[in-house]
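**Student:** Data file work-v5.txt (compact mmCIF, C-alpha atoms and all ligand atoms) is appended below.
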```
# COMPACT_ATOMS: atom_id res chain seq x y z
CA MET A 27 -12.54 -2.64 -9.52
CA THR A 28 -11.67 -4.11 -6.15
CA TRP A 29 -8.61 -3.15 -4.15
CA HIS A 30 -7.50 -5.07 -1.12
CA GLU A 31 -4.35 -4.76 0.88
CA ASN A 32 -3.19 -8.33 0.91
CA LEU A 33 -5.25 -11.33 -0.07
CA GLU A 34 -7.03 -13.10 -2.87
CA ASP A 35 -9.26 -14.99 -0.43
CA PHE A 36 -10.83 -12.43 1.90
CA GLY A 37 -12.43 -14.76 4.47
CA LYS A 38 -15.69 -14.15 6.36
CA LYS A 39 -17.44 -10.84 5.71
CA LEU A 40 -17.98 -8.81 8.89
CA GLU A 41 -21.26 -6.93 9.00
CA PRO A 42 -21.20 -3.41 10.54
CA GLY A 43 -21.40 -3.66 14.32
CA SER A 44 -20.35 -7.30 14.45
CA THR A 45 -17.49 -8.41 16.66
CA PHE A 46 -14.67 -10.92 16.45
CA ARG A 47 -12.19 -12.42 18.89
CA PHE A 48 -8.46 -12.22 18.38
CA GLU A 49 -5.37 -11.96 20.54
CA CYS A 50 -1.71 -12.09 19.52
CA HIS A 51 1.37 -12.09 21.74
CA PRO A 52 4.95 -13.43 21.67
CA LYS A 53 4.23 -16.39 23.98
CA LEU A 54 2.07 -18.13 21.38
CA THR A 55 3.87 -20.98 19.62
CA CYS A 56 2.75 -19.56 16.26
CA PHE A 57 4.58 -16.26 16.91
CA GLY A 58 6.05 -15.06 13.59
CA MET A 59 4.54 -17.84 11.49
CA CYS A 60 2.21 -15.33 9.83
CA CYS A 61 5.24 -13.32 8.62
CA SER A 62 5.80 -15.64 5.68
CA THR A 63 2.76 -14.41 3.73
CA GLU A 64 3.01 -11.90 0.88
CA ILE A 65 2.87 -8.33 2.19
CA THR A 66 1.72 -5.74 -0.33
CA LEU A 67 2.84 -2.17 0.41
CA THR A 68 1.03 1.10 -0.20
CA PRO A 69 2.98 4.34 -0.79
CA TYR A 70 2.19 5.43 2.79
CA ASP A 71 3.59 2.14 4.11
CA ILE A 72 6.77 2.83 2.15
CA ALA A 73 6.94 6.41 3.42
CA ARG A 74 6.69 5.30 7.04
CA MET A 75 9.08 2.36 6.72
CA ARG A 76 11.78 4.26 4.84
CA ARG A 77 11.57 7.05 7.45
CA HIS A 78 11.95 4.48 10.23
CA LEU A 79 15.07 3.13 8.51
CA ASN A 80 16.35 6.62 7.65
CA ILE A 81 16.84 5.79 3.97
CA ASP A 82 15.16 7.02 0.78
CA THR A 83 12.57 5.18 -1.29
CA GLY A 84 15.10 4.08 -3.91
CA GLU A 85 17.25 2.28 -1.34
CA PHE A 86 14.19 0.92 0.46
CA LEU A 87 12.67 -0.54 -2.72
CA SER A 88 15.89 -2.07 -4.03
CA THR A 89 16.92 -3.56 -0.67
CA TYR A 90 13.66 -4.80 0.82
CA CYS A 91 11.07 -5.08 -1.94
CA LYS A 92 10.06 -6.85 -5.11
CA VAL A 93 8.06 -5.08 -7.78
CA TYR A 94 5.43 -6.73 -9.96
CA THR A 95 2.99 -5.59 -12.59
CA ASP A 96 -0.63 -6.66 -12.29
CA PRO A 97 -1.15 -8.51 -15.61
CA ARG A 98 -4.82 -7.49 -15.73
CA THR A 99 -4.52 -3.76 -15.07
CA GLY A 100 -0.86 -3.08 -15.90
CA PHE A 101 -0.50 -1.24 -12.56
CA PRO A 102 2.72 -1.86 -10.59
CA PHE A 103 2.63 -3.20 -7.05
CA VAL A 104 5.26 -3.67 -4.40
CA VAL A 105 5.72 -6.55 -1.94
CA LEU A 106 8.24 -7.19 0.83
CA LYS A 107 11.07 -9.63 0.12
CA HIS A 108 11.41 -12.85 2.06
CA LYS A 109 14.61 -14.24 3.55
CA GLU A 110 15.97 -17.67 2.59
CA ASP A 111 13.88 -19.25 5.36
CA GLY A 112 10.74 -17.89 3.72
CA LYS A 113 10.10 -15.29 6.44
CA CYS A 114 9.67 -11.57 5.92
CA VAL A 115 12.92 -9.65 5.55
CA PHE A 116 12.00 -7.64 8.68
CA LEU A 117 11.28 -10.57 10.98
CA GLY A 118 13.93 -10.75 13.70
CA ASN A 119 14.45 -13.05 16.68
CA HIS A 120 12.03 -11.03 18.78
CA GLY A 121 9.38 -10.32 16.18
CA CYS A 122 9.01 -7.49 13.69
CA SER A 123 12.15 -5.33 13.66
CA LEU A 124 10.18 -2.23 12.64
CA TYR A 125 6.99 -2.95 14.56
CA GLU A 126 6.09 0.75 15.11
CA SER A 127 6.25 1.28 11.33
CA ARG A 128 4.83 -2.07 10.19
CA PRO A 129 2.68 -1.81 7.06
CA SER A 130 -1.11 -1.60 6.78
CA CYS A 131 -1.89 -5.23 6.09
CA CYS A 132 0.23 -6.39 9.06
CA ARG A 133 -1.67 -3.95 11.28
CA ASN A 134 -5.01 -5.07 9.89
CA TYR A 135 -4.52 -8.82 10.34
CA PRO A 136 -6.72 -10.82 10.93
CA LEU A 137 -8.93 -8.28 9.16
CA ALA A 138 -8.79 -7.72 5.41
CA ARG A 139 -9.91 -4.23 4.33
CA VAL A 140 -11.45 -4.39 0.86
CA ILE A 141 -12.42 -1.33 -1.18
CA ASP A 142 -14.96 -1.79 -3.95
CA ASP A 143 -17.03 0.35 -6.33
CA ASP A 144 -20.65 0.88 -5.35
CA ASP A 145 -22.68 -0.08 -8.45
CA ASN A 146 -25.42 2.38 -7.45
CA SER A 147 -23.31 5.51 -6.88
CA ASP A 148 -19.89 7.10 -7.37
CA LYS A 149 -18.95 6.15 -3.84
CA ARG A 150 -16.64 3.36 -2.78
CA LEU A 151 -17.55 0.70 -0.30
CA THR A 152 -15.22 -0.36 2.49
CA ILE A 153 -15.82 -3.94 3.58
CA TYR A 154 -13.99 -5.82 6.30
CA TYR A 155 -13.43 -9.57 6.24
CA LEU A 156 -12.12 -11.84 8.97
CA GLN A 157 -9.29 -13.99 7.61
CA GLN A 158 -9.59 -17.47 9.03
CA GLU A 159 -7.66 -19.70 6.67
CA ALA A 160 -4.38 -19.67 8.66
CA THR A 161 -5.02 -22.80 10.75
CA TYR A 162 -1.69 -22.30 12.55
CA CYS A 163 -2.82 -18.90 13.93
CA GLU A 164 -3.62 -19.50 17.61
CA GLY A 165 -4.85 -15.93 18.04
CA LEU A 166 -8.07 -16.47 16.09
CA GLY A 167 -11.04 -16.90 18.43
CA ARG A 168 -8.90 -16.04 21.47
CA GLY A 169 -9.43 -13.14 23.89
CA SER A 170 -12.32 -10.73 24.29
CA ASP A 171 -14.78 -9.43 21.69
CA ARG A 172 -13.45 -6.67 19.44
CA THR A 173 -15.11 -4.26 17.06
CA VAL A 174 -13.54 -3.36 13.72
CA GLY A 175 -13.26 0.32 14.68
CA GLY A 176 -11.69 -0.43 18.04
CA TYR A 177 -9.23 -2.88 16.52
CA CYS A 178 -8.15 -0.43 13.80
CA GLU A 179 -7.66 2.35 16.33
CA MET A 180 -5.68 0.09 18.64
CA ASN A 181 -3.33 -0.78 15.78
CA GLY A 182 -2.71 2.81 14.72
CA LEU A 183 -4.53 2.39 11.42
CA ILE A 184 -6.35 5.72 11.26
CA PRO A 185 -3.56 7.68 9.46
CA TYR A 186 -2.86 4.66 7.25
CA GLU A 187 -6.49 4.43 6.12
CA LYS A 188 -6.63 8.16 5.33
CA ALA A 189 -3.48 8.03 3.22
CA ASN A 190 -4.30 4.68 1.61
CA ASP A 191 -7.75 5.89 0.55
CA LEU A 192 -6.08 8.84 -1.22
CA PHE A 193 -3.66 6.47 -2.93
CA LEU A 194 -6.54 4.28 -4.17
CA ASP A 195 -7.63 7.01 -6.57
CA ILE A 196 -4.44 6.25 -8.54
CA PRO A 197 -5.00 2.54 -9.44
CA PHE A 198 -8.70 3.23 -9.99
CA ALA A 199 -7.82 6.03 -12.47
CA TYR A 200 -5.09 3.92 -14.08
CA GLN A 201 -7.55 1.16 -14.83
CA ARG A 202 -9.64 3.57 -16.87
CA LEU A 203 -6.78 4.09 -19.38
CA SER A 204 -6.91 2.13 -22.62
CA HIS A 205 -5.34 -1.34 -22.59
CA SER A 206 -2.41 -0.25 -24.78
CA VAL A 207 -1.55 2.77 -22.58
CA ARG A 208 -1.91 0.78 -19.35
CA HIS A 209 0.51 -1.83 -20.65
CA ASP A 210 3.02 0.64 -22.17
CA SER A 211 6.31 0.03 -20.35
CA GLU A 212 7.26 3.73 -20.41
CA VAL A 213 3.95 4.72 -18.79
CA GLN A 214 4.24 1.91 -16.23
CA SER A 215 7.77 2.92 -15.34
CA MET A 216 6.90 6.61 -14.90
CA VAL A 217 3.83 5.81 -12.79
CA PHE A 218 5.90 3.44 -10.63
CA GLU A 219 8.55 6.10 -10.02
CA ALA A 220 5.98 8.77 -9.14
CA VAL A 221 3.82 6.57 -6.92
CA PHE A 222 6.29 4.29 -5.14
CA ASN A 223 9.79 5.72 -5.66
CA PHE A 224 8.71 9.25 -4.84
CA ASP A 225 11.95 10.40 -3.16
CA SER A 226 13.89 9.66 -6.35
CA PHE A 227 11.11 11.14 -8.48
CA PHE A 228 11.22 14.44 -6.60
CA ALA A 229 15.02 14.49 -6.57
CA LYS A 230 14.99 14.07 -10.34
CA TYR A 231 12.11 16.30 -11.42
CA GLY A 232 11.14 18.49 -8.50
CA ARG A 233 13.99 20.95 -9.01
CA PHE A 234 12.73 21.85 -12.49
CA ASN A 235 9.41 22.87 -11.03
CA HIS A 236 10.43 24.29 -7.68
CA VAL A 237 8.47 21.52 -5.97
CA SER A 238 10.12 20.34 -2.80
CA ALA A 239 9.24 17.03 -1.20
CA PRO A 240 7.03 17.45 1.89
CA LYS A 241 8.56 16.36 5.18
CA ASP A 242 5.23 15.02 6.46
CA ASP A 243 4.37 11.53 5.17
CA HIS A 244 0.64 12.23 4.71
CA GLU A 245 1.43 15.44 2.79
CA MET A 246 3.79 13.41 0.64
CA ILE A 247 0.95 11.06 -0.34
CA VAL A 248 -1.32 14.05 -1.09
CA LEU A 249 1.32 15.35 -3.52
CA VAL A 250 2.09 11.90 -4.95
CA ARG A 251 -1.63 11.41 -5.65
CA SER A 252 -1.91 14.78 -7.37
CA ILE A 253 1.14 14.20 -9.58
CA ALA A 254 0.19 10.60 -10.40
CA LEU A 255 -3.37 11.50 -11.39
CA ASN A 256 -2.03 14.27 -13.62
CA LEU A 257 0.48 11.89 -15.13
CA ILE A 258 -2.22 9.29 -15.80
CA LYS A 259 -4.54 11.89 -17.32
CA LYS A 260 -1.84 13.08 -19.72
CA SER A 261 -0.23 9.74 -20.46
CA ALA A 262 -3.04 8.89 -22.84
CA ARG A 263 -1.88 11.54 -25.29
CA LEU A 264 1.66 12.55 -24.48
CA LYS A 265 4.89 10.90 -25.45
CA LEU A 266 6.53 10.54 -22.08
CA GLY A 267 10.06 11.69 -21.45
CA GLU A 268 12.03 14.02 -19.26
CA GLN A 269 10.89 17.12 -21.12
CA THR A 270 7.25 16.01 -20.84
CA VAL A 271 7.52 15.41 -17.12
CA ASN A 272 9.35 18.68 -16.65
CA SER A 273 6.90 20.87 -18.49
CA GLU A 274 3.58 19.10 -18.21
CA ILE A 275 3.24 16.66 -15.39
CA ILE A 276 4.41 18.37 -12.23
CA ARG A 277 3.61 21.96 -13.16
CA ASP A 278 -0.13 21.31 -13.43
CA SER A 279 -0.46 19.21 -10.33
S1 LIG B 1 -1.45 -15.33 16.72
FE1 LIG B 1 -1.68 -15.26 14.48
S2 LIG B 1 -1.05 -13.15 14.01
FE2 LIG B 1 -0.25 -13.61 16.07
S3 LIG B 1 1.82 -14.41 15.72
FE3 LIG B 1 0.43 -16.19 15.79
S4 LIG B 1 0.00 -16.53 13.60
FE4 LIG B 1 0.76 -14.45 13.75
S1 LIG B 2 6.65 -6.19 8.27
FE1 LIG B 2 6.90 -7.00 10.35
S2 LIG B 2 4.84 -7.68 10.95
FE2 LIG B 2 4.83 -7.44 8.72
S3 LIG B 2 5.32 -9.46 7.87
FE3 LIG B 2 7.25 -8.33 8.09
S4 LIG B 2 8.08 -8.89 10.09
FE4 LIG B 2 5.91 -9.48 10.06
```
Spell out the structure here as structure tokens.
**Tutor:**
Amino acid sequence: MTWHENLEDFGKKLEPGSTFRFECHPKLTCFGMCCSTEITLTPYDIARMRRHLNIDTGEFLSTYCKVYTDPRTGFPFVVLKHKEDGKCVFLGNHGCSLYESRPSCCRNYPLARVIDDDDNSDKRLTIYYLQQEATYCEGLGRGSDRTVGGYCEMNGLIPYEKANDLFLDIPFAYQRLSHSVRHDSEVQSMVFEAVFNFDSFFAKYGRFNHVSAPKDDHEMIVLVRSIALNLIKKSARLKLGEQTVNSEIIRDS
């Protein structure tokens, strides 16, 4: 299985130690043009953005997001809505209105971070690509040489990568379920609530199990991962419902 944070076409593969040139600033005539692409969100992205906006995940998802199901795997995914002009719902007159909390794939651009199984071991491979297909992007090839590590650090990606790598265990585990379970609407709905709408999930089920939602966003993803993996493990044999979630899913996580 391959997981990437935004694109179907990854671009040019960057070998370890290689450099690229990129520079972005508001004076470029292309400023904001890139904010019309599809932005896929991870649970950590959602945690950070909803905190920035001081709302819960339910309000964040219903106001700013669209939810799809991957037809191949049955796993739900979340993307940002666009405005009528085709631009991201968070693009304002002066750029991104929640720049400090912008999601992983916006921070990564023009890099694409792709996670893949290593055929020779249980490990996963992290591969970076340089996206070059946006001909309007004046930042590509501009400025001084950058390394992948330096670019990721500069864009505050270290906590995002840690949390996103934890999250990736969930879709990888989900794909190992049988086709009929993966595509069961009740299973999909429960997994979506636990993984992406975690504030509502905890408000609904946490009180039965004396589990309170962590205040720290990384700790939240640690708990979301634990609950989701338990839910996936048991969804193959349990009839899901409130009683099941109450007694089986959270308690064992
Ligand atoms: S340089 Fe590229 S990333 Fe920066 S605003 Fe222009 S299109 Fe977007
Ligand atoms: S979240 Fe911000 S940076 Fe990302 S596409 Fe939307 S406006 Fe642009």
**Student:** Collect all residues with atoms no farther than 8 Å from ligand LIG 2 (chain B), counting all atoms listed in the file, and output them as a ChimeraX atom specification.
**Tutor:** /A:58,60-65,106,113-118,121-125,128-129,131-133
**Student:** Just to confirm, what's the straight-line distance from CA of Asn80 in chain A to CA of Ser226 in chain A in Å (one decimal)?
**Tutor:**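 That distance, rounded to one decimal, is 14.5 Å.
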**Student:** Write out as a VMD selection string the residues lying within 9 Å of Ser127 in chain A, counting only C-alpha atoms and excluding same-chain residues fewer than 5 positions away.
**Tutor:** chain A and resid 71 74 to 75 77 to 78
**Student:** Mind listing whatever residues come within 9 Å of the point (4.5, -0.3, -15.9)? Use all atoms listed in the file, file coordinates, and give them as a count of residues only.
**Tutor:** 17
**Student:** For ligand LIG 1 (chain B), collect every residue having any atom at a distance of at most 7 Å from a ligand atom (counting all atoms listed in the file); output as a list in words.
**Tutor:** Glu49, Cys50, His51, Pro52, Leu54, Cys56, Phe57, Gly58, Met59, Cys60, Cys61, Tyr135, Pro136, Tyr162, Cys163, Glu164, Gly165 and Leu166 of chain A
**Student:** Using 8 Å as the limit and counting all atoms listed in the file, can you tabulate each residue of range 27-140 of chain A that touches range 232-252 of chain A, with its shortest atom-to-atom distance in Å and the two atoms involved, as JSON lines?
**Tutor:**
```
{"residue": "A:Pro69", "atom": "CA", "partner": "A:Ile247", "partner_atom": "CA", "distance": 7.0}
{"residue": "A:Tyr70", "atom": "CA", "partner": "A:Ile247", "partner_atom": "CA", "distance": 6.6}
{"residue": "A:Ala73", "atom": "CA", "partner": "A:Asp243", "partner_atom": "CA", "distance": 6.0}
{"residue": "A:Arg74", "atom": "CA", "partner": "A:Asp243", "partner_atom": "CA", "distance": 6.9}
```
**Student:** Just checking: using only C-alpha atoms, which residue out of A:Gln158, A:His120, A:Glu219, A:Glu187 ends up closest to Lys53 in chain A?
**Tutor:**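 Checking each of A:Gln158, A:His120, A:Glu219, A:Glu187 against Lys53 in chain A, counting only C-alpha atoms, the winner is A:His120.
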**Student:** Return the single residue from A:Leu79, A:Asn146, A:Ser88, A:Val221 that is closest to Leu192 in chain A, with distances computed using only C-alpha atoms.
**Tutor:**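 Checking each candidate against Leu192 in chain A, we get A:Val221 as the closest.
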**Student:** Within 10 Å of Gly37 in chain A, counting all atoms listed in the file, which residues qualify if same-chain residues fewer than 3 places away don't, as a VMD selection string?
**Tutor:** chain A and resid 33 to 34 40 136 to 138 154 to 159
**Student:** Rounded to one decimal in Å, what is the spacing between CA of Val93 in chain A and CA of Leu67 in chain A?
**Tutor:**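 Atom-to-atom, CA of Val93 in chain A and CA of Leu67 in chain A are spaced 10.1 Å apart.
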**Student:** To one decimal place in Å, what is the distance between CA of Phe46 in chain A and CA of Thr173 in chain A?
**Tutor:**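 Separating CA of Phe46 in chain A from CA of Thr173 in chain A is a distance of 6.7 Å.
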**Student:** Please write C-alpha atoms of range 128-150 of chain A, from the structure given just now, as a PDB file, in the first residue's frame.
**Tutor:**
```pdb
ATOM      1  CA  ARG A 128      -1.866  25.025   7.800  1.00  0.00           C
ATOM      2  CA  PRO A 129      -2.007  21.294   7.051  1.00  0.00           C
ATOM      3  CA  SER A 130       0.848  18.914   6.251  1.00  0.00           C
ATOM      4  CA  CYS A 131       0.605  18.898   2.480  1.00  0.00           C
ATOM      5  CA  CYS A 132       0.573  22.724   2.332  1.00  0.00           C
ATOM      6  CA  ARG A 133       3.706  22.773   4.496  1.00  0.00           C
ATOM      7  CA  ASN A 134       5.372  20.117   2.373  1.00  0.00           C
ATOM      8  CA  TYR A 135       4.797  21.744  -1.021  1.00  0.00           C
ATOM      9  CA  PRO A 136       6.646  21.515  -3.416  1.00  0.00           C
ATOM     10  CA  LEU A 137       7.643  18.216  -1.805  1.00  0.00           C
ATOM     11  CA  ALA A 138       5.355  15.193  -1.764  1.00  0.00           C
ATOM     12  CA  ARG A 139       6.023  12.787   1.132  1.00  0.00           C
ATOM     13  CA  VAL A 140       5.138   9.249   0.094  1.00  0.00           C
ATOM     14  CA  ILE A 141       5.062   6.288   2.475  1.00  0.00           C
ATOM     15  CA  ASP A 142       5.354   2.810   0.989  1.00  0.00           C
ATOM     16  CA  ASP A 143       5.822  -0.773   2.165  1.00  0.00           C
ATOM     17  CA  ASP A 144       9.340  -2.153   1.886  1.00  0.00           C
ATOM     18  CA  ASP A 145       8.969  -5.470   0.009  1.00  0.00           C
ATOM     19  CA  ASN A 146      12.039  -6.863   1.805  1.00  0.00           C
ATOM     20  CA  SER A 147      11.096  -6.073   5.418  1.00  0.00           C
ATOM     21  CA  ASP A 148       8.293  -4.982   7.738  1.00  0.00           C
ATOM     22  CA  LYS A 149       9.544  -1.426   7.577  1.00  0.00           C
ATOM     23  CA  ARG A 150       8.015   1.434   5.654  1.00  0.00           C
TER      24      ARG A 150
END
```
